[in-house]
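**Student:** File target22.csv below, CSV, C-alpha atoms:
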```
chain,number,residue,atom,x,y,z
O,1316,MET,CA,74.7,112.7,144.5
O,1317,ALA,CA,78.5,113.2,144.4
O,1318,LEU,CA,80.3,110.9,142.0
O,1319,ARG,CA,83.0,108.5,143.1
O,1320,VAL,CA,86.1,109.3,141.1
O,1321,VAL,CA,89.4,107.4,140.8
O,1322,CYS,CA,92.5,109.1,139.5
O,1323,TYR,CA,95.5,107.4,137.7
O,1324,LEU,CA,98.9,109.0,138.0
O,1325,ASN,CA,102.5,108.0,137.2
O,1326,GLN,CA,105.2,107.9,139.9
O,1327,PHE,CA,106.1,111.6,139.3
O,1328,PHE,CA,102.6,113.1,139.4
O,1329,GLY,CA,101.7,110.7,142.2
O,1330,GLN,CA,104.7,112.1,144.3
O,1331,LEU,CA,106.5,108.8,144.7
O,1332,GLY,CA,109.6,110.2,143.0
O,1333,GLY,CA,111.3,110.7,139.6
O,1334,GLU,CA,113.0,108.3,137.2
O,1335,GLU,CA,114.5,106.4,140.2
O,1336,LYS,CA,111.0,105.3,141.1
O,1337,ALA,CA,109.9,104.6,137.5
O,1338,GLY,CA,110.0,100.8,138.1
O,1339,VAL,CA,107.5,100.7,141.0
O,1340,GLY,CA,104.4,98.6,140.4
O,1341,PRO,CA,100.8,99.6,140.8
O,1342,GLN,CA,99.6,100.8,144.2
O,1343,VAL,CA,96.6,102.7,145.5
O,1344,VAL,CA,96.3,105.6,148.0
O,1345,ASP,CA,93.1,106.6,149.6
O,1346,GLY,CA,91.8,110.0,148.5
O,1347,ALA,CA,93.6,112.4,146.2
O,1348,VAL,CA,97.4,112.8,146.2
O,1349,GLY,CA,99.7,114.8,143.9
O,1350,ALA,CA,98.1,115.9,140.7
O,1351,ALA,CA,94.8,114.2,141.7
O,1352,ARG,CA,94.3,117.2,144.1
O,1353,ALA,CA,93.8,119.4,141.0
O,1354,VAL,CA,91.1,116.9,139.9
O,1355,GLN,CA,89.4,117.1,143.3
O,1356,GLN,CA,89.5,120.9,143.1
O,1357,ALA,CA,88.0,120.8,139.6
O,1358,LEU,CA,85.3,118.5,140.7
O,1359,GLY,CA,84.2,120.7,143.6
O,1360,ASP,CA,80.9,119.3,145.0
O,1361,ALA,CA,80.2,117.3,141.9
O,1362,GLY,CA,82.4,114.4,143.0
O,1363,THR,CA,85.0,113.0,145.3
O,1364,VAL,CA,88.4,111.4,144.5
O,1365,VAL,CA,88.0,108.3,146.6
O,1366,ALA,CA,91.4,106.8,145.5
O,1367,THR,CA,94.5,107.6,143.5
O,1368,VAL,CA,96.1,104.7,141.7
O,1369,VAL,CA,99.8,105.1,140.9
O,1370,CYS,CA,102.2,103.2,138.7
O,1371,GLY,CA,105.8,103.8,137.6
O,1372,ASP,CA,106.3,104.7,134.0
O,1373,ASN,CA,108.8,101.9,133.3
O,1374,TYR,CA,106.7,99.2,135.0
O,1375,ALA,CA,103.8,100.2,132.9
O,1376,ALA,CA,105.9,100.4,129.7
O,1377,GLU,CA,107.8,97.1,130.2
O,1378,HIS,CA,104.9,94.9,131.4
O,1379,PRO,CA,101.9,96.7,129.7
O,1380,ASP,CA,99.5,93.7,129.9
O,1381,ARG,CA,100.3,92.9,133.5
O,1382,ALA,CA,100.3,96.5,134.6
O,1383,THR,CA,96.9,97.2,133.0
O,1384,ALA,CA,95.4,94.1,134.5
O,1385,GLU,CA,96.7,94.9,138.0
O,1386,LEU,CA,95.6,98.6,137.7
O,1387,VAL,CA,92.1,97.5,136.5
O,1388,GLN,CA,91.7,95.5,139.7
O,1389,LEU,CA,92.8,98.4,141.9
O,1390,VAL,CA,90.3,100.7,140.1
O,1391,ALA,CA,87.5,98.1,140.4
O,1392,ALA,CA,88.1,97.8,144.1
O,1393,ALA,CA,87.4,101.5,144.6
O,1394,ARG,CA,84.0,101.2,142.8
O,1395,PRO,CA,84.3,104.5,141.0
O,1396,ASP,CA,81.7,106.1,138.7
O,1397,LEU,CA,84.5,107.7,136.6
O,1398,LEU,CA,88.2,107.2,136.0
O,1399,VAL,CA,90.4,110.3,135.3
O,1400,ALA,CA,93.8,109.3,134.0
O,1401,GLY,CA,96.7,111.8,133.8
O,1402,PRO,CA,96.9,114.3,132.2
O,1403,ALA,CA,100.1,113.0,130.7
O,1404,PHE,CA,101.1,116.1,128.7
O,1405,LEU,CA,104.1,115.1,126.5
O,1406,ALA,CA,105.2,112.1,128.6
O,1407,GLY,CA,105.1,109.2,126.2
O,1408,ARG,CA,105.2,106.2,128.6
O,1409,TYR,CA,102.7,107.9,130.9
O,1410,GLY,CA,100.3,108.8,128.0
O,1411,VAL,CA,100.3,105.2,126.6
O,1412,ALA,CA,99.7,103.8,130.1
O,1413,CYS,CA,96.8,106.3,130.6
O,1414,GLY,CA,95.2,105.3,127.3
O,1415,ALA,CA,95.6,101.6,127.9
O,1416,LEU,CA,94.0,101.8,131.4
O,1417,CYS,CA,91.1,104.0,130.2
O,1418,ALA,CA,90.4,101.5,127.4
O,1419,ALA,CA,90.5,98.5,129.7
O,1420,VAL,CA,88.4,100.2,132.4
O,1421,GLN,CA,85.7,101.1,129.9
O,1422,ALA,CA,85.7,97.6,128.3
O,1423,GLU,CA,86.0,95.4,131.3
O,1424,LEU,CA,84.4,97.5,134.1
O,1425,LYS,CA,81.9,99.4,132.0
O,1426,ILE,CA,83.1,102.6,133.8
O,1427,PRO,CA,83.5,105.8,131.8
O,1428,ALA,CA,87.1,107.1,131.6
O,1429,VAL,CA,88.8,110.2,130.4
O,1430,THR,CA,92.5,111.1,130.0
O,1431,GLY,CA,94.4,114.1,128.6
O,1432,MET,CA,97.7,114.7,126.8
O,1433,HIS,CA,99.5,116.8,124.2
O,1434,GLY,CA,98.9,116.1,120.5
O,1435,GLU,CA,102.3,114.6,120.0
O,1436,ASN,CA,102.1,112.1,122.8
O,1437,PRO,CA,102.1,108.7,121.2
O,1438,GLY,CA,99.2,107.7,123.4
O,1439,VAL,CA,96.9,110.0,121.3
O,1440,GLU,CA,97.3,108.0,118.1
O,1441,LEU,CA,97.1,104.7,119.9
O,1442,TYR,CA,94.0,105.4,121.9
O,1443,ARG,CA,92.0,108.4,120.6
O,1444,ARG,CA,89.6,106.1,118.7
O,1445,ARG,CA,88.6,104.2,121.9
O,1446,VAL,CA,89.1,106.7,124.6
O,1447,TYR,CA,88.2,110.3,125.1
O,1448,VAL,CA,91.6,112.1,125.1
O,1449,VAL,CA,91.5,115.7,126.1
O,1450,GLN,CA,94.0,118.0,124.4
O,1451,THR,CA,96.4,119.5,126.9
O,1452,ARG,CA,99.6,121.6,126.7
O,1453,GLY,CA,103.0,120.1,126.6
O,1454,GLU,CA,104.0,121.1,130.1
O,1455,ALA,CA,102.2,120.8,133.4
O,1456,THR,CA,102.3,124.5,134.1
O,1457,ARG,CA,98.6,124.9,134.5
O,1458,MET,CA,97.5,121.7,136.2
O,1459,LEU,CA,94.1,123.0,137.5
O,1460,GLU,CA,93.1,124.4,134.1
O,1461,GLU,CA,93.9,121.1,132.4
O,1462,ALA,CA,92.2,119.1,135.2
O,1463,GLN,CA,89.1,121.2,134.7
O,1464,LYS,CA,88.9,120.2,131.0
O,1465,LEU,CA,89.2,116.5,131.9
O,1466,VAL,CA,86.7,116.8,134.7
O,1467,ALA,CA,84.1,118.7,132.5
O,1468,LEU,CA,84.2,115.9,129.9
O,1469,GLY,CA,84.4,113.2,132.5
O,1470,LEU,CA,81.3,114.4,134.4
O,1471,ALA,CA,79.4,114.6,131.1
O,1472,LEU,CA,80.4,111.0,130.4
O,1473,ALA,CA,79.6,109.7,133.9
O,1474,ARG,CA,76.2,111.4,133.8
O,1475,GLY,CA,75.4,109.9,130.4
O,1476,GLU,CA,75.0,113.4,128.8
O,1477,ALA,CA,75.4,113.8,125.1
O,1478,ILE,CA,78.9,114.6,124.1
O,1479,GLY,CA,79.5,117.3,121.6
O,1480,THR,CA,82.0,117.6,118.8
O,1481,PRO,CA,85.8,117.2,119.5
O,1482,SER,CA,86.3,121.0,119.0
O,1483,ALA,CA,83.5,121.9,121.4
O,1484,HIS,CA,84.9,119.7,124.2
O,1485,GLY,CA,88.6,119.9,123.3
O,1486,TYR,CA,89.2,116.2,122.8
O,1487,PHE,CA,91.0,114.4,120.0
O,1488,ALA,CA,88.6,113.3,117.2
O,1489,ARG,CA,87.7,109.6,117.6
O,1490,GLY,CA,87.0,109.0,113.9
O,1491,VAL,CA,83.3,108.8,114.6
O,1492,THR,CA,81.0,110.2,111.9
O,1493,ARG,CA,77.6,111.3,113.3
O,1494,ASN,CA,74.7,112.6,111.2
O,1495,VAL,CA,73.6,116.1,112.2
O,1496,VAL,CA,71.2,118.6,110.6
O,1497,ALA,CA,73.1,121.5,109.3
O,1498,ASP,CA,71.6,125.0,109.3
O,1499,ALA,CA,72.6,125.7,105.7
O,1500,SER,CA,72.9,123.6,102.5
O,1501,ALA,CA,76.3,122.3,101.4
O,1502,ALA,CA,76.3,124.9,98.6
O,1503,ASP,CA,75.7,127.8,101.0
O,1504,ARG,CA,78.4,126.5,103.4
O,1505,ALA,CA,80.9,126.1,100.6
O,1506,VAL,CA,80.3,129.6,99.2
O,1507,ALA,CA,80.6,131.0,102.7
O,1508,MET,CA,83.9,129.2,103.2
O,1509,LEU,CA,85.2,130.5,99.9
O,1510,LEU,CA,84.2,134.1,100.8
O,1511,ASP,CA,86.0,133.7,104.1
O,1512,LYS,CA,89.1,132.4,102.3
O,1513,LEU,CA,89.1,135.2,99.7
O,1514,ALA,CA,88.7,137.8,102.4
O,1515,GLY,CA,91.5,136.2,104.4
O,1516,ARG,CA,89.2,135.4,107.3
O,1517,PRO,CA,89.7,132.1,109.3
O,1518,PHE,CA,87.6,129.1,108.1
O,1519,VAL,CA,87.5,125.5,109.1
O,1520,SER,CA,87.2,122.7,106.5
O,1521,GLU,CA,84.4,120.2,107.2
O,1522,VAL,CA,86.6,117.5,105.7
O,1523,PRO,CA,89.9,117.3,107.6
O,1524,ARG,CA,92.9,116.1,105.6
O,1525,PRO,CA,94.5,112.9,106.9
O,1526,ALA,CA,97.6,113.5,109.0
O,1527,PHE,CA,100.8,111.9,107.8
O,1528,PRO,CA,103.1,111.6,110.7
O,1529,PRO,CA,106.7,112.4,109.7
O,1530,VAL,CA,109.0,109.4,109.1
O,1531,ALA,CA,112.6,109.8,110.1
O,1532,PRO,CA,114.7,109.4,107.0
O,1533,PRO,CA,116.9,106.3,107.4
O,1534,ARG,CA,120.6,106.5,106.4
O,1535,LEU,CA,122.1,103.9,104.1
O,1536,VAL,CA,124.7,102.4,106.4
O,1537,LYS,CA,126.6,100.5,103.6
O,1538,THR,CA,128.2,101.8,100.5
O,1539,LEU,CA,126.1,101.2,97.4
O,1540,GLU,CA,128.8,98.8,96.1
O,1541,GLY,CA,128.1,96.6,99.1
O,1542,ALA,CA,124.3,97.1,99.3
O,1543,THR,CA,121.4,94.9,98.2
O,1544,ILE,CA,118.8,97.0,96.4
O,1545,ALA,CA,115.2,95.9,95.9
O,1546,LEU,CA,112.7,97.1,93.3
O,1547,VAL,CA,109.2,97.8,94.4
O,1548,THR,CA,106.3,99.4,92.5
O,1549,ASP,CA,102.8,100.6,93.0
O,1550,GLY,CA,102.3,100.8,89.3
O,1551,GLY,CA,100.7,97.4,88.9
O,1552,LEU,CA,103.3,95.1,87.2
O,1553,VAL,CA,102.0,91.5,87.4
O,1554,PRO,CA,102.9,88.3,85.6
O,1555,ARG,CA,100.5,87.5,82.8
O,1556,GLY,CA,97.2,86.1,84.2
O,1557,ASN,CA,97.6,88.2,87.4
O,1558,PRO,CA,98.1,85.2,89.6
O,1559,ASP,CA,97.6,87.0,92.9
O,1560,GLY,CA,94.4,88.7,91.7
O,1561,ILE,CA,95.6,92.2,92.5
O,1562,GLU,CA,92.7,94.5,92.2
O,1563,ALA,CA,92.5,97.1,89.4
O,1564,LEU,CA,91.8,99.8,92.1
O,1565,ASN,CA,91.4,100.0,95.8
O,1566,ALA,CA,94.0,97.2,96.1
O,1567,THR,CA,94.2,95.0,99.2
O,1568,ARG,CA,96.8,92.6,97.7
O,1569,TYR,CA,100.4,92.7,96.5
O,1570,GLY,CA,102.5,90.2,94.7
O,1571,ALA,CA,106.1,89.0,95.1
O,1572,TYR,CA,107.6,88.2,91.7
O,1573,SER,CA,111.0,86.5,91.1
O,1574,ILE,CA,113.4,88.0,88.6
O,1575,GLU,CA,116.1,85.4,89.3
O,1576,GLY,CA,118.1,84.7,86.2
O,1577,LYS,CA,116.5,87.5,84.3
O,1578,SER,CA,118.6,90.3,82.8
O,1579,SER,CA,115.4,92.0,81.5
O,1580,LEU,CA,111.6,91.6,81.6
O,1581,ASP,CA,109.9,90.0,78.6
O,1582,ALA,CA,106.8,92.1,77.9
O,1583,ALA,CA,105.0,88.9,76.7
O,1584,GLN,CA,105.2,87.5,80.2
O,1585,TYR,CA,103.7,90.5,82.0
O,1586,ASP,CA,100.5,92.4,82.3
O,1587,ASN,CA,99.1,95.3,84.3
O,1588,PRO,CA,95.7,95.6,85.9
O,1589,HIS,CA,96.2,99.2,87.1
O,1590,ARG,CA,93.1,101.3,86.3
O,1591,GLY,CA,94.6,104.6,87.4
O,1592,TYR,CA,96.6,105.5,84.3
O,1593,ASP,CA,96.9,104.4,80.7
O,1594,THR,CA,99.1,101.3,81.0
O,1595,THR,CA,99.6,100.9,77.2
O,1596,TRP,CA,103.3,102.0,77.4
O,1597,VAL,CA,104.3,100.0,80.4
O,1598,LYS,CA,102.7,96.9,78.9
O,1599,GLU,CA,104.7,97.5,75.8
O,1600,ASP,CA,107.9,97.7,77.8
O,1601,PRO,CA,107.7,96.8,81.6
O,1602,HIS,CA,111.1,98.5,82.2
O,1603,ARG,CA,109.3,101.8,81.8
O,1604,LEU,CA,107.8,100.9,85.2
O,1605,VAL,CA,110.3,98.5,86.8
O,1606,PRO,CA,113.9,99.1,85.6
O,1607,VAL,CA,115.2,95.5,85.9
O,1608,ASP,CA,117.4,95.9,82.7
O,1609,VAL,CA,119.3,98.9,84.0
O,1610,ALA,CA,119.5,97.6,87.6
O,1611,ARG,CA,121.0,94.4,86.4
O,1612,GLU,CA,123.7,96.3,84.4
O,1613,LEU,CA,124.5,98.3,87.5
O,1614,GLU,CA,124.8,95.1,89.5
O,1615,GLN,CA,127.1,93.6,86.9
O,1616,SER,CA,129.3,96.7,86.8
O,1617,GLY,CA,129.6,96.6,90.6
O,1618,ALA,CA,127.8,100.0,91.1
O,1619,ILE,CA,125.4,98.2,93.4
O,1620,GLY,CA,126.3,95.1,95.4
O,1621,LYS,CA,123.3,93.0,94.5
O,1622,LEU,CA,119.8,93.4,93.0
O,1623,HIS,CA,117.2,91.7,95.2
O,1624,GLU,CA,115.7,88.8,93.2
O,1625,THR,CA,112.1,89.5,94.2
O,1626,VAL,CA,110.1,92.5,92.9
O,1627,TYR,CA,107.1,93.5,95.0
O,1628,SER,CA,104.2,95.0,93.2
O,1629,THR,CA,100.7,96.4,93.9
O,1630,VAL,CA,98.2,98.8,92.4
O,1631,GLY,CA,98.2,102.2,93.9
O,1632,VAL,CA,95.0,103.9,92.9
O,1633,ALA,CA,92.1,104.7,95.3
O,1634,THR,CA,93.9,102.5,97.7
O,1635,THR,CA,93.0,103.3,101.3
O,1636,LEU,CA,95.7,104.7,103.6
O,1637,ALA,CA,95.1,101.8,106.0
O,1638,GLN,CA,95.7,99.2,103.3
O,1639,SER,CA,98.7,101.0,101.9
O,1640,ALA,CA,100.2,101.2,105.3
O,1641,ARG,CA,99.6,97.5,106.0
O,1642,MET,CA,101.0,96.4,102.6
O,1643,GLY,CA,104.0,98.7,103.0
O,1644,ARG,CA,104.7,97.3,106.5
O,1645,GLU,CA,104.5,93.7,105.3
O,1646,ILE,CA,106.7,94.3,102.3
O,1647,ALA,CA,109.3,96.2,104.4
O,1648,GLU,CA,109.4,93.3,106.9
O,1649,LYS,CA,110.0,90.8,104.1
O,1650,LEU,CA,112.7,92.9,102.6
O,1651,ARG,CA,114.4,93.4,105.9
O,1652,GLU,CA,114.3,89.6,106.6
O,1653,ALA,CA,115.9,89.0,103.2
O,1654,GLY,CA,118.8,91.4,104.0
O,1655,VAL,CA,117.8,94.2,101.6
O,1656,ASP,CA,119.5,97.5,102.4
O,1657,ALA,CA,117.6,99.9,100.3
O,1658,VAL,CA,114.6,100.1,98.0
O,1659,ILE,CA,113.8,102.0,94.8
O,1660,LEU,CA,110.0,102.3,94.6
O,1661,THR,CA,108.7,103.3,91.3
O,1662,SER,CA,105.4,105.0,91.2
O,1663,THR,CA,103.1,106.3,88.5
E,578,MET,CA,103.0,113.1,91.5
E,579,THR,CA,106.0,114.3,93.5
E,580,PRO,CA,103.7,116.7,95.6
E,581,VAL,CA,101.8,113.6,96.8
E,582,ALA,CA,105.0,111.9,97.7
E,583,VAL,CA,106.1,114.9,99.7
E,584,MET,CA,102.7,115.1,101.4
E,585,VAL,CA,102.7,111.5,102.6
E,586,GLY,CA,106.2,111.9,103.9
E,587,ALA,CA,108.4,109.9,101.5
E,588,ASN,CA,111.9,111.1,102.2
E,589,ARG,CA,113.9,110.7,99.0
E,590,ILE,CA,111.9,111.5,95.9
E,591,VAL,CA,113.3,111.5,92.3
E,592,SER,CA,111.1,113.1,89.8
E,593,ALA,CA,110.8,110.6,86.9
E,594,ALA,CA,109.7,110.8,83.3
E,595,GLY,CA,105.9,110.9,83.7
E,596,ILE,CA,102.9,109.1,85.0
E,597,ILE,CA,102.3,106.7,82.0
E,598,HIS,CA,106.0,105.7,81.8
E,599,PRO,CA,107.9,106.9,84.9
E,600,LEU,CA,111.2,105.2,83.7
E,601,GLY,CA,111.0,105.6,80.0
E,602,SER,CA,109.5,107.6,77.2
E,603,ALA,CA,107.7,106.3,74.1
E,604,ASP,CA,109.0,109.4,72.2
E,605,LEU,CA,112.6,108.3,72.4
E,606,SER,CA,114.5,105.6,70.5
E,607,PRO,CA,115.0,102.4,72.5
E,608,ASP,CA,118.7,103.4,73.0
E,609,GLU,CA,117.9,106.9,74.1
E,610,GLU,CA,115.1,105.6,76.3
E,611,LYS,CA,117.5,103.3,78.1
E,612,VAL,CA,120.0,106.1,78.7
E,613,LEU,CA,117.1,108.1,80.3
E,614,ARG,CA,116.1,105.2,82.4
E,615,ARG,CA,119.7,104.6,83.6
E,616,ARG,CA,120.0,108.3,84.5
E,617,ILE,CA,116.9,108.1,86.7
E,618,VAL,CA,118.0,105.0,88.4
E,619,GLU,CA,121.5,106.4,89.0
E,620,GLN,CA,119.9,109.5,90.5
E,621,ALA,CA,117.8,107.3,92.8
E,622,LEU,CA,121.0,105.6,93.9
E,623,GLN,CA,122.6,109.0,94.5
E,624,ALA,CA,119.5,110.0,96.5
E,625,LEU,CA,119.9,106.9,98.6
E,626,ARG,CA,123.3,107.9,99.7
E,627,THR,CA,122.4,111.5,100.3
E,628,GLU,CA,121.4,112.4,103.9
E,629,VAL,CA,118.1,114.2,104.1
E,630,ALA,CA,116.3,115.6,107.1
E,631,LYS,CA,112.8,115.8,105.5
E,632,PRO,CA,111.0,114.9,102.3
E,633,THR,CA,113.3,116.0,99.5
E,634,VAL,CA,112.7,116.0,95.8
E,635,PHE,CA,115.7,115.3,93.6
E,636,THR,CA,115.0,116.9,90.2
E,637,ARG,CA,116.8,115.9,87.0
E,638,GLU,CA,119.3,118.3,85.5
```
Would you write the structure of this file as structure tokens?
**Tutor:**
Amino acid sequence: MALRVVCYLNQFFGQLGGEEKAGVGPQVVDGAVGAARAVQQALGDAGTVVATVVCGDNYAAEHPDRATAELVQLVAAARPDLLVAGPAFLAGRYGVACGALCAAVQAELKIPAVTGMHGENPGVELYRRRVYVVQTRGEATRMLEEAQKLVALGLALARGEAIGTPSAHGYFARGVTRNVVADASAADRAVAMLLDKLAGRPFVSEVPRPAFPPVAPPRLVKTLEGATIALVTDGGLVPRGNPDGIEALNATRYGAYSIEGKSSLDAAQYDNPHRGYDTTWVKEDPHRLVPVDVARELEQSGAIGKLHETVYSTVGVATTLAQSARMGREIAEKLREAGVDAVILTST
Amino acid sequence: MTPVAVMVGANRIVSAAGIIHPLGSADLSPDEEKVLRRRIVEQALQALRTEVAKPTVFTRE
């Protein structure tokens, strides 16, 4: 039986127009229009595009919740077995809208959904854990070929077939770990990998390294003489007694400690729970970790405008990326609210 | 640990005095140690006003 398929497109791929039509709200067209024709071609006899849902990029980006809710209704009305969104290539607003709609259709309508985009589309990081996002090129030069990849995975999802690995199907890893029986022991695989490496042959690690997206370097907009500088550390400085209970490793907490009125740190008032290095020397003199003495002198001499009166501290050892990112975000927000212009973060 | 700082994408990195006492050294006299500390902090301030395009390590002379 041929499957009922609904496609989702933006105003451009839905042939409503370019940027001048980016504000148009959700609408539905019977059958396949624009890029959805490539999906129909890829489907062949396996399915029929019964409707194409189109929404302008700006409408979707500016009212994301409303747009997704309206689009879900339009999709539901067409009673599909599968939603194919995009592909969105490198178009950021479009990619995010595709991911949001797929996630909502899966969750609310229990209908499988698939989308596709380029690895640098922000929609990938936002939705790849919840939605099958097929990897595409940056430009829409080979629409049929890209549509075929989306359709192949979409059909497997709609038919309830087992889905293979990300590399086998060309989708972005969802962060799911599945047990499989390997055909060789870990020792055999490791040696085989080493031999490949030594011989200059290609090999693929079984443990992918985490990706760290580049952070645009901010510019200090003030002169140092007019700037407020904060001291932050992941080296574990805490007041004696560790009042915030910062963990010795794998930290989930950080502390905010006042240095108001202090020209230096009294070693007797501080401690250090960090278990990732020998803390003997920084306990003996906390300035070896957090240079309050020198920073105060620079403040008094006018080399910096002001030393921020709160030091933020946590323990950076075996700390998960997710926790580090969260703590960093929270600390940065507080520093920004307090009018801090720049940070010196000391790390062990 | 500057290679780790580069890997995670920190943009302005000053290589300091060591893991167990990044801003000091137990081998120096207290006065010499403070001079060292001041030099590292001043280099950090210098790094803050230096425009960079990607993770950059500022090494001590």
**Student:** Considering only C-alpha atoms, give me a table of residues in chain O that are at most 7 Å from chain E, with the closest atom pair and distance in Å for each, as a tab-separated table.
**Tutor:**
```
residue	atom	partner	partner_atom	distance
O:Phe1527	CA	E:Val585	CA	5.6
O:Pro1529	CA	E:Gly586	CA	5.8
O:Val1530	CA	E:Gly586	CA	6.4
O:Pro1532	CA	E:Asn588	CA	5.8
O:Arg1534	CA	E:Glu628	CA	6.5
O:Leu1535	CA	E:Arg626	CA	6.1
O:Tyr1592	CA	E:Ile597	CA	6.3
O:Asp1593	CA	E:Ile597	CA	6.0
O:Thr1594	CA	E:Ile597	CA	6.4
O:Trp1596	CA	E:His598	CA	6.4
O:Val1597	CA	E:His598	CA	6.1
O:His1602	CA	E:Leu600	CA	6.9
O:Arg1603	CA	E:Leu600	CA	4.3
O:Leu1604	CA	E:Leu600	CA	5.7
O:Pro1606	CA	E:Leu600	CA	6.9
O:Val1609	CA	E:Arg615	CA	5.7
O:Ile1659	CA	E:Ala621	CA	6.9
O:Thr1663	CA	E:Ile596	CA	4.5
```
**Student:** Give me, please, the distance in Å between CA of Leu1468 (chain O) and CA of Gly1431 (chain O), quoted to one decimal.
**Tutor:**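 Taking CA of Leu1468 (chain O) as the start and CA of Gly1431 (chain O) as the end point, the length is 10.4 Å.
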**Student:** Could you check how far CA of Asp1549 (chain O) sits from CA of Asp1600 (chain O), in Å to one decimal?
**Tutor:** 16.3 Å
**Student:** Mind checking which residues fall within 9 Å of Gly1551 (chain O), counting all atoms listed in the file, ignoring those fewer than 2 positions away in the same chain, and posting them as JSON, numbers by chain?
**Tutor:** {"O": [1548, 1549, 1553, 1561, 1563, 1569, 1586, 1587, 1588, 1589, 1590, 1594, 1604, 1628, 1629, 1630, 1631]}
**Student:** For CA of Gly1550 (chain O) and CA of Val581 (chain E), determine how far apart the two atoms are, in Å to one decimal place.
**Tutor:**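 Answer for the CA of Gly1550 (chain O) to CA of Val581 (chain E) separation: 14.8 Å.
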**Student:** Between O:Val1343, O:Val1449, O:Thr1363, O:Leu1510, which one has atoms that come closest to Pro1481 (chain O), using only C-alpha atoms?
**Tutor:**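 Of O:Val1343, O:Val1449, O:Thr1363, O:Leu1510, the one nearest Pro1481 (chain O), counting only C-alpha atoms, is O:Val1449.
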**Student:** Quick one: everything within 6 Å of Phe1404 (chain O), counting only C-alpha atoms, minus sequence neighbours fewer than 2 positions away in the same chain. Send it as a ChimeraX atom specification.
**Tutor:** /O:1402,1406,1432-1433,1453-1454
**Student:** Give the answer as one residue: which of O:Gln1421, O:Ala1571, O:Glu1521, O:Leu1405 has the shortest atom-to-atom distance to Thr1492 (chain O), using all atoms listed in the file?
**Tutor:** O:Glu1521
